[in-house]
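Listing of input.cif; format and content: mmCIF, C-alpha atoms.
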```cif
data_model
loop_
_atom_site.label_atom_id
_atom_site.label_comp_id
_atom_site.auth_asym_id
_atom_site.auth_seq_id
_atom_site.Cartn_x
_atom_site.Cartn_y
_atom_site.Cartn_z
CA MET A 1415 12.12 -23.74 25.61
CA SER A 1416 9.55 -24.34 22.96
CA PHE A 1417 7.48 -21.58 21.46
CA LYS A 1418 4.50 -23.85 20.92
CA HIS A 1419 2.54 -23.07 24.06
CA LEU A 1420 -0.44 -20.99 23.04
CA PHE A 1421 -1.25 -19.59 26.44
CA MET A 1422 2.14 -19.65 28.12
CA LYS A 1423 3.51 -16.17 28.68
CA SER A 1424 7.14 -15.32 28.16
CA SER A 1425 9.38 -13.64 30.69
CA PHE A 1426 12.98 -13.09 31.69
CA VAL A 1427 14.91 -14.68 34.54
CA LYS A 1428 14.22 -12.70 37.70
CA ALA A 1429 14.16 -13.06 41.48
CA PRO A 1430 11.63 -11.32 43.79
CA ILE A 1431 13.37 -8.18 45.16
CA GLN A 1432 16.94 -9.46 45.41
CA ASN A 1433 15.81 -12.54 47.32
CA GLY A 1434 18.74 -14.59 48.49
CA ILE A 1435 21.24 -11.70 48.55
CA GLY A 1436 21.92 -11.36 52.27
CA ARG A 1437 18.83 -13.18 53.47
CA TYR A 1438 16.29 -15.52 51.98
CA VAL A 1439 12.53 -15.16 52.40
CA GLY A 1440 10.50 -18.23 51.54
CA GLN A 1441 7.89 -17.19 49.03
CA LEU A 1442 5.41 -19.94 49.81
CA GLN A 1443 3.28 -18.64 52.67
CA ARG A 1444 0.35 -20.93 53.10
CA ILE A 1445 -0.83 -24.34 51.97
CA THR A 1446 -4.40 -25.55 52.34
CA VAL A 1447 -4.87 -29.28 51.90
CA LYS A 1448 -8.40 -30.43 51.12
CA PHE A 1449 -9.02 -34.14 51.15
CA CYS A 1450 -11.65 -36.81 51.75
CA LYS A 1451 -11.46 -39.12 54.77
CA GLU A 1452 -13.04 -42.06 52.96
CA HIS A 1453 -12.32 -42.05 49.23
CA SER A 1454 -9.30 -43.82 47.85
CA ASP A 1455 -8.34 -40.83 45.66
CA SER A 1456 -7.16 -39.16 48.85
CA LYS A 1457 -5.18 -42.16 50.05
CA GLY A 1458 -1.81 -40.57 49.36
CA VAL A 1459 -2.84 -37.30 51.01
CA ARG A 1460 -4.12 -39.11 54.07
CA ASP A 1461 -0.84 -41.01 54.34
CA PHE A 1462 1.07 -37.76 53.99
CA ILE A 1463 -0.97 -36.20 56.77
CA GLU A 1464 -0.48 -39.20 58.99
CA ASN A 1465 3.26 -39.57 58.51
CA GLN A 1466 4.82 -36.30 57.35
CA VAL A 1467 2.70 -33.20 57.77
CA VAL A 1468 3.81 -32.42 61.34
CA ASP A 1469 7.46 -32.74 60.40
CA PHE A 1470 6.87 -30.65 57.28
CA ALA A 1471 5.26 -27.87 59.34
CA LYS A 1472 8.05 -27.99 61.91
CA GLN A 1473 10.78 -27.88 59.27
CA ASN A 1474 9.12 -24.91 57.54
CA PRO A 1475 8.05 -22.43 60.21
CA GLY A 1476 7.39 -19.81 57.50
CA ILE A 1477 4.59 -21.86 55.94
CA VAL A 1478 1.13 -22.15 57.46
CA VAL A 1479 -0.49 -25.53 56.87
CA TYR A 1480 -4.26 -25.93 56.96
CA LEU A 1481 -6.04 -29.25 56.68
CA LYS A 1482 -9.66 -29.28 55.56
CA PRO A 1483 -11.54 -32.57 55.31
CA ARG A 1484 -14.17 -32.39 52.58
CA ARG A 1485 -16.48 -35.31 52.14
CA HIS A 1486 -16.40 -37.03 48.71
CA ARG A 1487 -14.38 -34.38 46.95
CA ALA A 1488 -11.22 -34.79 44.90
CA PRO A 1489 -8.16 -33.91 47.00
CA HIS A 1490 -6.17 -30.77 46.16
CA VAL A 1491 -3.66 -28.40 47.68
CA LYS A 1492 -3.95 -24.63 47.45
CA LEU A 1493 -0.57 -22.92 47.44
CA GLU A 1494 -0.43 -19.20 48.32
CA TYR A 1495 2.66 -17.14 47.73
CA LEU A 1496 4.01 -13.89 49.09
CA ASN A 1497 3.44 -12.06 45.81
CA GLY A 1498 -0.29 -12.80 45.95
CA GLU A 1499 -0.29 -15.61 43.43
CA THR A 1500 -2.26 -18.74 44.24
CA GLU A 1501 -1.91 -22.11 42.66
CA ILE A 1502 -4.14 -25.18 42.93
CA LEU A 1503 -2.30 -28.46 42.92
CA SER A 1504 -4.49 -31.44 42.21
CA ALA A 1505 -3.51 -34.28 44.51
CA LYS A 1506 -5.89 -36.84 43.07
CA CYS A 1507 -4.42 -40.34 43.17
CA LEU A 1508 -0.99 -38.97 44.11
CA SER A 1509 1.11 -41.15 46.35
CA GLU A 1510 2.51 -39.83 49.58
CA ARG A 1511 5.97 -39.56 48.06
CA GLU A 1512 4.76 -37.74 44.96
CA LEU A 1513 2.80 -35.20 47.02
CA ARG A 1514 5.85 -34.54 49.16
CA GLN A 1515 7.92 -33.94 46.03
CA TRP A 1516 5.38 -31.51 44.59
CA LEU A 1517 5.35 -29.60 47.86
CA GLU A 1518 9.13 -29.38 47.69
CA VAL A 1519 8.79 -27.84 44.22
CA ALA A 1520 6.28 -25.31 45.55
CA ARG A 1521 8.48 -24.50 48.54
CA GLY A 1522 11.36 -23.41 46.33
CA SER A 1523 9.18 -21.59 43.82
CA SER A 1524 8.99 -17.81 43.61
CA GLY A 1525 5.26 -17.93 42.93
CA GLU A 1526 5.61 -16.37 39.51
CA PRO A 1527 3.45 -18.23 36.98
CA VAL A 1528 5.36 -20.71 34.84
CA ALA A 1529 6.57 -18.89 31.74
CA ARG A 1530 8.76 -19.45 28.75
CA LEU A 1531 12.13 -17.87 29.40
CA ARG A 1532 13.25 -15.59 26.62
CA LYS A 1533 16.81 -15.61 27.84
CA MET A 1534 18.51 -18.13 30.08
CA GLN A 1535 20.64 -15.49 31.83
CA HIS A 1536 20.16 -12.08 33.38
CA THR A 1537 22.48 -9.44 34.79
CA ASP A 1538 21.93 -6.10 36.49
CA ARG A 1539 25.40 -4.99 35.31
CA PRO A 1540 25.39 -5.58 31.55
CA SER A 1541 28.77 -3.97 31.07
CA ILE A 1542 31.59 -2.79 33.35
CA GLN A 1543 33.07 -0.43 30.77
CA GLY A 1544 29.65 1.05 29.91
CA VAL A 1545 27.19 0.09 27.22
CA TRP A 1546 27.90 1.05 23.62
CA THR A 1547 26.62 4.35 22.28
CA PRO A 1548 27.05 5.85 18.79
CA TRP A 1549 29.84 8.02 20.22
CA THR A 1550 31.91 5.18 21.67
CA ASN A 1551 35.33 4.77 20.02
CA VAL A 1552 34.75 7.77 17.77
CA PRO A 1553 37.97 9.80 17.36
CA PRO A 1554 37.55 13.07 19.29
CA GLN A 1555 38.67 15.25 16.38
CA THR A 1556 35.34 14.39 14.73
CA ASN A 1557 33.82 17.01 17.03
CA LEU A 1558 35.80 19.72 15.32
CA GLU A 1559 35.03 18.62 11.76
CA THR A 1560 32.47 20.24 9.52
CA PHE A 1561 30.42 17.90 7.39
CA PRO A 1562 30.51 17.17 4.51
CA SER A 1563 34.28 16.97 4.58
CA GLU A 1564 35.90 17.29 1.16
CA GLU A 1565 39.07 15.24 1.54
CA GLY A 1566 38.93 13.15 4.71
CA TYR A 1567 36.50 10.47 3.60
CA ARG A 1568 37.73 9.65 0.10
CA ALA A 1569 38.60 6.09 -0.81
CA PRO A 1570 42.35 5.52 -0.49
CA GLN A 1571 44.39 5.05 -3.64
CA ARG A 1572 45.98 1.66 -2.99
CA GLU A 1573 47.75 0.99 -6.27
CA GLN A 1574 50.14 3.24 -8.12
CA THR A 1575 48.36 5.12 -10.88
CA ALA A 1576 49.69 5.29 -14.44
CA THR A 1577 50.38 9.02 -13.93
CA GLU A 1578 52.52 8.34 -10.88
CA LYS A 1579 54.32 5.54 -12.66
CA LEU A 1580 55.09 7.81 -15.58
CA ARG A 1581 56.33 10.58 -13.30
CA GLU A 1582 58.59 8.17 -11.49
CA LEU A 1583 59.94 6.83 -14.74
CA PHE A 1584 60.60 10.34 -15.94
CA ALA A 1585 62.36 11.33 -12.73
CA ARG A 1586 64.62 8.29 -12.94
CA GLN A 1587 65.40 9.05 -16.58
CA GLN A 1588 66.35 12.64 -15.72
CA GLU A 1589 68.59 11.42 -12.93
CA GLN A 1590 70.32 8.97 -15.25
CA LYS A 1591 70.81 11.70 -17.84
CA GLN A 1592 72.31 14.05 -15.28
CA LEU A 1593 74.63 11.32 -14.05
CA THR A 1594 75.93 10.50 -17.52
CA GLU A 1595 76.43 14.18 -18.26
CA GLU A 1596 78.45 14.59 -15.08
CA THR A 1597 80.62 11.55 -15.80
CA THR A 1598 81.29 12.59 -19.39
CA GLY A 1599 81.98 16.18 -18.27
CA THR A 1600 84.60 15.15 -15.65
CA SER A 1601 86.39 12.62 -17.88
CA MET B 994 14.42 1.28 35.63
CA SER B 995 16.33 4.13 37.21
CA SER B 996 16.70 7.46 35.44
CA MET B 997 20.38 6.69 34.87
CA GLN B 998 19.56 3.41 33.13
CA ARG B 999 16.92 5.17 31.07
CA ALA B 1000 19.42 7.77 29.93
CA LYS B 1001 21.87 4.99 28.99
CA GLN B 1002 19.17 3.32 26.94
CA TRP B 1003 18.48 6.58 25.11
CA ALA B 1004 22.16 7.07 24.42
CA THR B 1005 22.56 3.54 23.07
CA PHE B 1006 19.60 3.80 20.72
CA ALA B 1007 20.16 7.42 19.70
CA ARG B 1008 19.70 7.97 15.98
CA ILE B 1009 22.62 9.77 14.41
CA TRP B 1010 22.94 11.30 10.97
CA HIS B 1011 25.52 10.29 8.39
CA ILE B 1012 26.43 12.05 5.19
CA TYR B 1013 27.66 10.33 2.04
CA ASP B 1014 29.25 11.99 -0.96
CA ALA B 1015 28.11 10.09 -4.06
CA LYS B 1016 30.52 11.89 -6.39
CA TRP B 1017 32.11 9.42 -8.84
CA GLN B 1018 30.60 6.51 -6.91
CA ASN B 1019 28.83 3.45 -8.23
CA PRO B 1020 25.23 3.85 -6.95
CA PHE B 1021 24.62 0.10 -6.80
CA ASP B 1022 27.69 -0.58 -4.66
CA SER B 1023 27.06 2.52 -2.53
CA SER B 1024 23.45 1.53 -1.93
CA LYS B 1025 24.56 -1.62 -0.11
CA THR B 1026 26.65 0.43 2.28
CA ILE B 1027 23.93 3.04 2.71
CA ALA B 1028 21.33 0.34 3.39
CA LYS B 1029 23.58 -1.04 6.11
CA TYR B 1030 23.60 2.35 7.85
CA LEU B 1031 19.84 2.81 7.38
CA LYS B 1032 19.15 -0.54 9.01
CA GLY B 1033 21.71 -0.02 11.79
CA GLN B 1034 23.76 -3.05 10.78
CA HIS B 1035 26.99 -1.13 11.36
CA LYS B 1036 26.23 -1.07 15.10
CA PRO B 1037 27.37 -3.74 17.56
CA ILE B 1038 23.91 -3.65 19.19
CA TYR B 1039 22.12 -4.49 15.92
CA HIS B 1040 19.14 -6.80 16.22
CA PRO B 1041 16.49 -7.23 13.51
CA LEU B 1042 13.69 -6.58 15.99
CA SER B 1043 15.13 -3.39 17.46
CA ASP B 1044 14.64 -0.14 15.61
CA CYS B 1045 18.23 1.10 15.57
CA GLY B 1046 18.74 2.55 12.07
CA ASP B 1047 20.30 5.91 11.33
CA HIS B 1048 19.59 8.76 8.93
CA VAL B 1049 21.71 9.07 5.81
CA VAL B 1050 22.07 12.24 3.73
CA VAL B 1051 23.44 11.56 0.24
CA ILE B 1052 24.88 14.50 -1.66
CA ASN B 1053 26.10 14.89 -5.24
CA CYS B 1054 23.68 12.30 -6.61
CA ARG B 1055 23.99 13.98 -10.00
CA ASP B 1056 27.68 13.01 -10.17
CA ILE B 1057 27.29 9.25 -9.73
CA ALA B 1058 29.30 7.00 -12.05
CA LEU B 1059 27.58 3.99 -13.58
CA PRO B 1060 29.93 1.15 -14.49
CA GLY B 1061 30.63 0.13 -18.10
CA PRO B 1062 27.86 0.62 -20.62
CA GLU B 1063 25.11 0.92 -18.01
CA TRP B 1064 24.09 4.49 -18.77
CA TYR B 1065 22.55 3.32 -22.03
CA GLN B 1066 21.86 -0.34 -21.18
CA ARG B 1067 20.29 -0.32 -17.73
CA VAL B 1068 16.53 0.05 -17.91
CA PHE B 1069 14.22 1.22 -15.14
CA PHE B 1070 10.69 -0.14 -15.20
CA HIS B 1071 7.67 1.77 -14.03
CA HIS B 1072 4.01 0.87 -14.11
CA THR B 1073 1.27 3.38 -13.45
CA GLY B 1074 -1.03 0.66 -12.17
CA TYR B 1075 -3.63 1.24 -14.86
CA PRO B 1076 -4.30 -1.56 -17.37
CA LYS B 1077 -3.53 -1.39 -21.10
CA GLY B 1078 -0.13 0.15 -21.44
CA GLY B 1079 0.65 1.60 -18.02
CA ALA B 1080 4.21 0.30 -18.26
CA THR B 1081 7.23 2.35 -19.27
CA TRP B 1082 10.89 1.39 -19.59
CA THR B 1083 13.33 4.24 -19.16
CA LEU B 1084 17.06 4.10 -19.85
CA ALA B 1085 19.34 5.13 -17.02
CA TRP B 1086 20.66 8.24 -18.78
CA GLU B 1087 17.11 9.36 -19.55
CA LEU B 1088 15.95 8.83 -16.01
CA HIS B 1089 19.01 10.67 -14.72
CA GLU B 1090 18.18 13.65 -16.89
CA LYS B 1091 14.63 13.73 -15.60
CA ASN B 1092 15.51 13.25 -11.93
CA PRO B 1093 19.16 13.20 -10.85
CA THR B 1094 18.39 11.48 -7.51
CA LYS B 1095 16.12 8.76 -8.86
CA ILE B 1096 18.78 6.17 -9.73
CA MET B 1097 20.24 6.39 -6.24
CA GLU B 1098 16.77 6.15 -4.71
CA ARG B 1099 15.89 3.06 -6.72
CA ALA B 1100 19.23 1.45 -5.86
CA VAL B 1101 18.78 1.98 -2.11
CA HIS B 1102 15.11 0.99 -2.34
CA ARG B 1103 16.27 -2.32 -3.69
CA ALA B 1104 19.17 -2.70 -1.26
CA VAL B 1105 17.15 -2.23 1.95
CA GLY B 1106 15.15 -5.32 1.07
CA GLY B 1107 11.47 -5.99 0.57
CA THR B 1108 10.27 -5.98 4.15
CA LEU B 1109 7.58 -3.98 5.91
CA LEU B 1110 10.36 -1.76 7.29
CA ARG B 1111 11.25 -0.49 3.81
CA LYS B 1112 8.99 2.55 3.89
CA GLY B 1113 10.32 3.70 7.24
CA LEU B 1114 13.92 3.13 6.21
CA MET B 1115 13.47 5.01 2.94
CA ALA B 1116 11.97 7.92 4.89
CA ARG B 1117 15.33 8.26 6.67
CA LEU B 1118 17.21 8.59 3.41
CA HIS B 1119 17.71 12.16 2.19
CA LEU B 1120 18.94 12.56 -1.38
CA PHE B 1121 20.32 15.72 -2.93
CA PRO B 1122 21.47 16.22 -6.53
CA ASP B 1123 24.35 18.52 -5.54
CA GLU B 1124 26.19 19.60 -2.41
CA HIS B 1125 23.52 22.09 -1.35
CA VAL B 1126 21.80 20.64 1.71
CA SER B 1127 19.41 22.70 3.79
CA GLU B 1128 20.97 23.91 7.02
CA ASP B 1129 18.37 22.28 9.29
CA LEU B 1130 19.32 18.85 7.95
CA LEU B 1131 23.05 19.50 7.91
CA ARG B 1132 23.17 20.57 11.55
CA HIS B 1133 22.22 17.02 12.63
CA VAL B 1134 25.05 15.39 10.73
CA THR B 1135 27.83 14.09 12.97
CA SER B 1136 29.43 11.43 10.83
CA GLN B 1137 30.52 10.79 7.27
CA ILE B 1138 30.50 7.49 5.43
CA PRO B 1139 33.82 6.94 3.60
CA GLN B 1140 33.61 6.65 -0.16
CA LEU B 1141 34.04 3.30 -1.86
CA ARG B 1142 35.84 4.31 -5.04
CA VAL B 1143 38.74 6.56 -5.82
CA GLN B 1144 37.70 9.85 -7.40
CA PRO B 1145 39.56 10.31 -10.69
CA ARG B 1146 41.10 13.73 -11.33
CA ARG B 1147 39.98 15.56 -14.41
CA LEU B 1148 42.34 17.61 -16.56
CA ASP B 1149 40.62 20.85 -15.56
CA SER B 1150 41.47 20.21 -11.90
CA TYR B 1151 45.22 20.38 -12.67
CA SER B 1152 46.88 23.76 -12.53
CA GLU B 1153 48.57 25.15 -15.62
CA GLU B 1154 51.96 24.66 -14.04
CA GLU B 1155 51.29 20.99 -13.35
CA VAL B 1156 50.19 20.42 -16.93
CA ARG B 1157 53.31 22.15 -18.28
CA ASP B 1158 55.67 20.13 -16.07
CA PHE B 1159 54.09 16.82 -16.87
CA PRO B 1160 56.54 14.57 -18.77
CA LYS B 1161 55.71 14.43 -22.43
CA VAL B 1162 55.63 10.90 -23.76
CA PHE B 1163 55.48 11.93 -27.39
CA ASP B 1164 54.86 15.01 -29.45
CA TYR B 1165 52.83 15.48 -32.56
CA PRO B 1166 54.91 16.20 -35.65
CA ALA B 1167 54.83 19.83 -36.86
CA ASP B 1168 52.69 18.97 -39.89
CA HIS B 1169 50.12 16.97 -37.86
CA VAL B 1170 46.54 18.07 -38.35
CA ILE B 1171 44.03 17.41 -35.58
CA ARG B 1172 40.52 17.20 -36.98
#
```
Would you mind writing the file's structure down as structure tokens?
Amino acid sequence: MSFKHLFMKSSFVKAPIQNGIGRYVGQLQRITVKFCKEHSDSKGVRDFIENQVVDFAKQNPGIVVYLKPRRHRAPHVKLEYLNGETEILSAKCLSERELRQWLEVARGSSGEPVARLRKMQHTDRPSIQGVWTPWTNVPPQTNLETFPSEEGYRAPQREQTATEKLRELFARQQEQKQLTEETTGTS
Amino acid sequence: MSSMQRAKQWATFARIWHIYDAKWQNPFDSSKTIAKYLKGQHKPIYHPLSDCGDHVVVINCRDIALPGPEWYQRVFFHHTGYPKGGATWTLAWELHEKNPTKIMERAVHRAVGGTLLRKGLMARLHLFPDEHVSEDLLRHVTSQIPQLRVQPRRLDSYSEEEVRDFPKVFDYPADHVIR
């Protein structure tokens, strides 16, 4: 999601108290439709009321539907959710179909204000094996060490030093010498 | 957040103390490693926005080894801030004589990067010229950073027996005069 919204808050993915695990509680509790009986702005709302509102109320027994005619006012729908949030949906010049679709959106909504999601995933169990700590995978003998340790943390000598090379050379030479002495001594 | 989760969070972000022996080490190479530990970049949970750096105690700063001719070629600049000649340029060997931990400090100061976090990170660096560290710092230390370079052995560290048994490559003639 973009970061360019000045007034949009950010949040993480969440569901209202484990909703949907075991049972589902619809979060939309009440809709109040205000419309005008005469003006053409309310045409779509009037059509919705005429054709669909009874079915909508029957299909969603958890949602209370109020209808309030208001003379010469722009039509709108007030959506009230279980968490106390309210939302005003302007229905001005909406068609019947569009209004129905917006109500479907509201029906599935948790009522939380629209926010930029900081992460697209969430888990209550971040790790099965346990989250990392500074003491994870540390060899247990570290507990018995006293710091600073003199020898244990020196850089390893990877190549043979000149001293070692010389010693090896000398040892080989001595061996050779001994061998020749033995052979000459026996023969 | 349950108390268990809170305790896990504390454990994950616990600050631990490392010790580093700077004996015979190049301060400019070491500072990169030390900066990594100060910033917490050695941790799998590292994130630039989370404050997850550790403390580092550096001992034996007096015994650092500068590479090549740097003792008499590397220059440290300082400006008092006052106009008209507030600037001084000090050679590394001079600076080291004045303050044996200063070269290490400047190296790490540079390595942690010029961000607003620098002051806080430098506050978690503890430098000592020799191996004497006060007990109240040392009791926190639970980890040691391995050295980067092999420590050479000096002749005085060999026993007399070892020196005597060492194979002689050549011998001076009897009439040789060592001046």
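Going from CA of Val1467 in chain A over to CA of Thr1500 in chain A, you cover 20.4 Å.
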Using the chain letters and numbers from this file, what does the PyMOL selection byres ((chain A and resi 1528) around 8) select? Give the answer as a PyMOL selection string. chain A and resi 1422-1423+1526-1527+1529-1530
Pick out the chain B residues within 7 Å of chain A. Count all atoms listed in the file. Give them as a list in words.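 The contacting residues on chain B are Ala1004, Thr1005, Ile1012, Val1134, Gln1137, Ile1138, Pro1139, Gln1140, Leu1141, Arg1142, Val1143 and Pro1160 of chain B.
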Expanded to explicit residues, what is the PyMOL selection byres ((chain B and resi 1065) around 7) for this file, as a PDB file with C-alpha atoms, in the coordinates of the input?
```pdb
ATOM      1  CA  PRO B1062      27.860   0.620 -20.620  1.00  0.00           C
ATOM      2  CA  GLU B1063      25.110   0.920 -18.010  1.00  0.00           C
ATOM      3  CA  TRP B1064      24.090   4.490 -18.770  1.00  0.00           C
ATOM      4  CA  GLN B1066      21.860  -0.340 -21.180  1.00  0.00           C
ATOM      5  CA  ARG B1067      20.290  -0.320 -17.730  1.00  0.00           C
ATOM      6  CA  LEU B1084      17.060   4.100 -19.850  1.00  0.00           C
ATOM      7  CA  ALA B1085      19.340   5.130 -17.020  1.00  0.00           C
ATOM      8  CA  TRP B1086      20.660   8.240 -18.780  1.00  0.00           C
TER       9      TRP B1086
END
```
Pairwise distance for CA of Val1162 in chain B and CA of Pro1145 in chain B, rounded to one decimal in Å: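 Answer for the CA of Val1162 in chain B to CA of Pro1145 in chain B separation: 20.7 Å.
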Here's the selection I'm unsure about, the PyMOL selection byres ((chain B and resi 1034-1041) around 12); applied to the file above, which residues does it give, as a VMD selection string? (chain A and resid 1545 to 1551) or (chain B and resid 1002 1005 to 1009 1011 1025 to 1033 1042 to 1047 1105 1108 1110 1138)
Minimum-distance residue to His1048 in chain B, chosen among B:His1133, B:Arg1146, B:Arg1157, B:Leu1118 (using all atoms listed in the file):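 Checking each of B:His1133, B:Arg1146, B:Arg1157, B:Leu1118 against His1048 in chain B, counting all atoms listed in the file, the winner is B:Leu1118.
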Figure out the distance between CA of Arg1147 in chain B and CA of Pro1020 in chain B, please, to one decimal in Å.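 Rounded to one decimal, the two atoms are 20.3 Å apart.
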Which residues are close to range 1483-1486 of chain A, i.e. within 12 Å by all atoms listed in the file, leaving aside same-chain residues fewer than 3 positions away? Reply as a ChimeraX atom specification. /A:1446-1456,1459-1460,1463,1480,1489-1491,1506
For Tyr1013 in chain B, which residue among B:Phe1069, B:Thr1135, B:Ser1150, B:Gly1107 is the nearest when counting all atoms listed in the file? B:Thr1135
Tell me which residues come within 6 Å of (28.9, 12.6, -1.2), as a PyMOL selection string, counting only C-alpha atoms in the file's coordinates. chain B and resi 1013-1016+1051-1053
So that all listed atoms of range 1575-1588 of chain A fit with 8 Å spare on each side, what axis-aligned box centre and edge lengths in Å, to one decimal, would you give as JSON?
```
{"center_x": 57.4, "center_y": 8.9, "center_z": -13.7, "size_x": 34.0, "size_y": 23.5, "size_z": 21.7}
```
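Polymer residues near (0.1, -21.0, 52.3): counting only C-alpha atoms with a cut-off of 10 Å, they are A:Gln1441, A:Leu1442, A:Gln1443, A:Arg1444, A:Ile1445, A:Thr1446, A:Val1447, A:Gly1476, A:Ile1477, A:Val1478, A:Val1479, A:Tyr1480, A:Val1491, A:Lys1492, A:Leu1493, A:Glu1494, A:Tyr1495, A:Leu1496, A:Thr1500, A:Glu1501, A:Arg1521.
The closest residue to Gly1522 in chain A, picked from A:Ala1576, A:Lys1457, A:Asn1474, A:Val1427 and counting all atoms listed in the file, is A:Asn1474.
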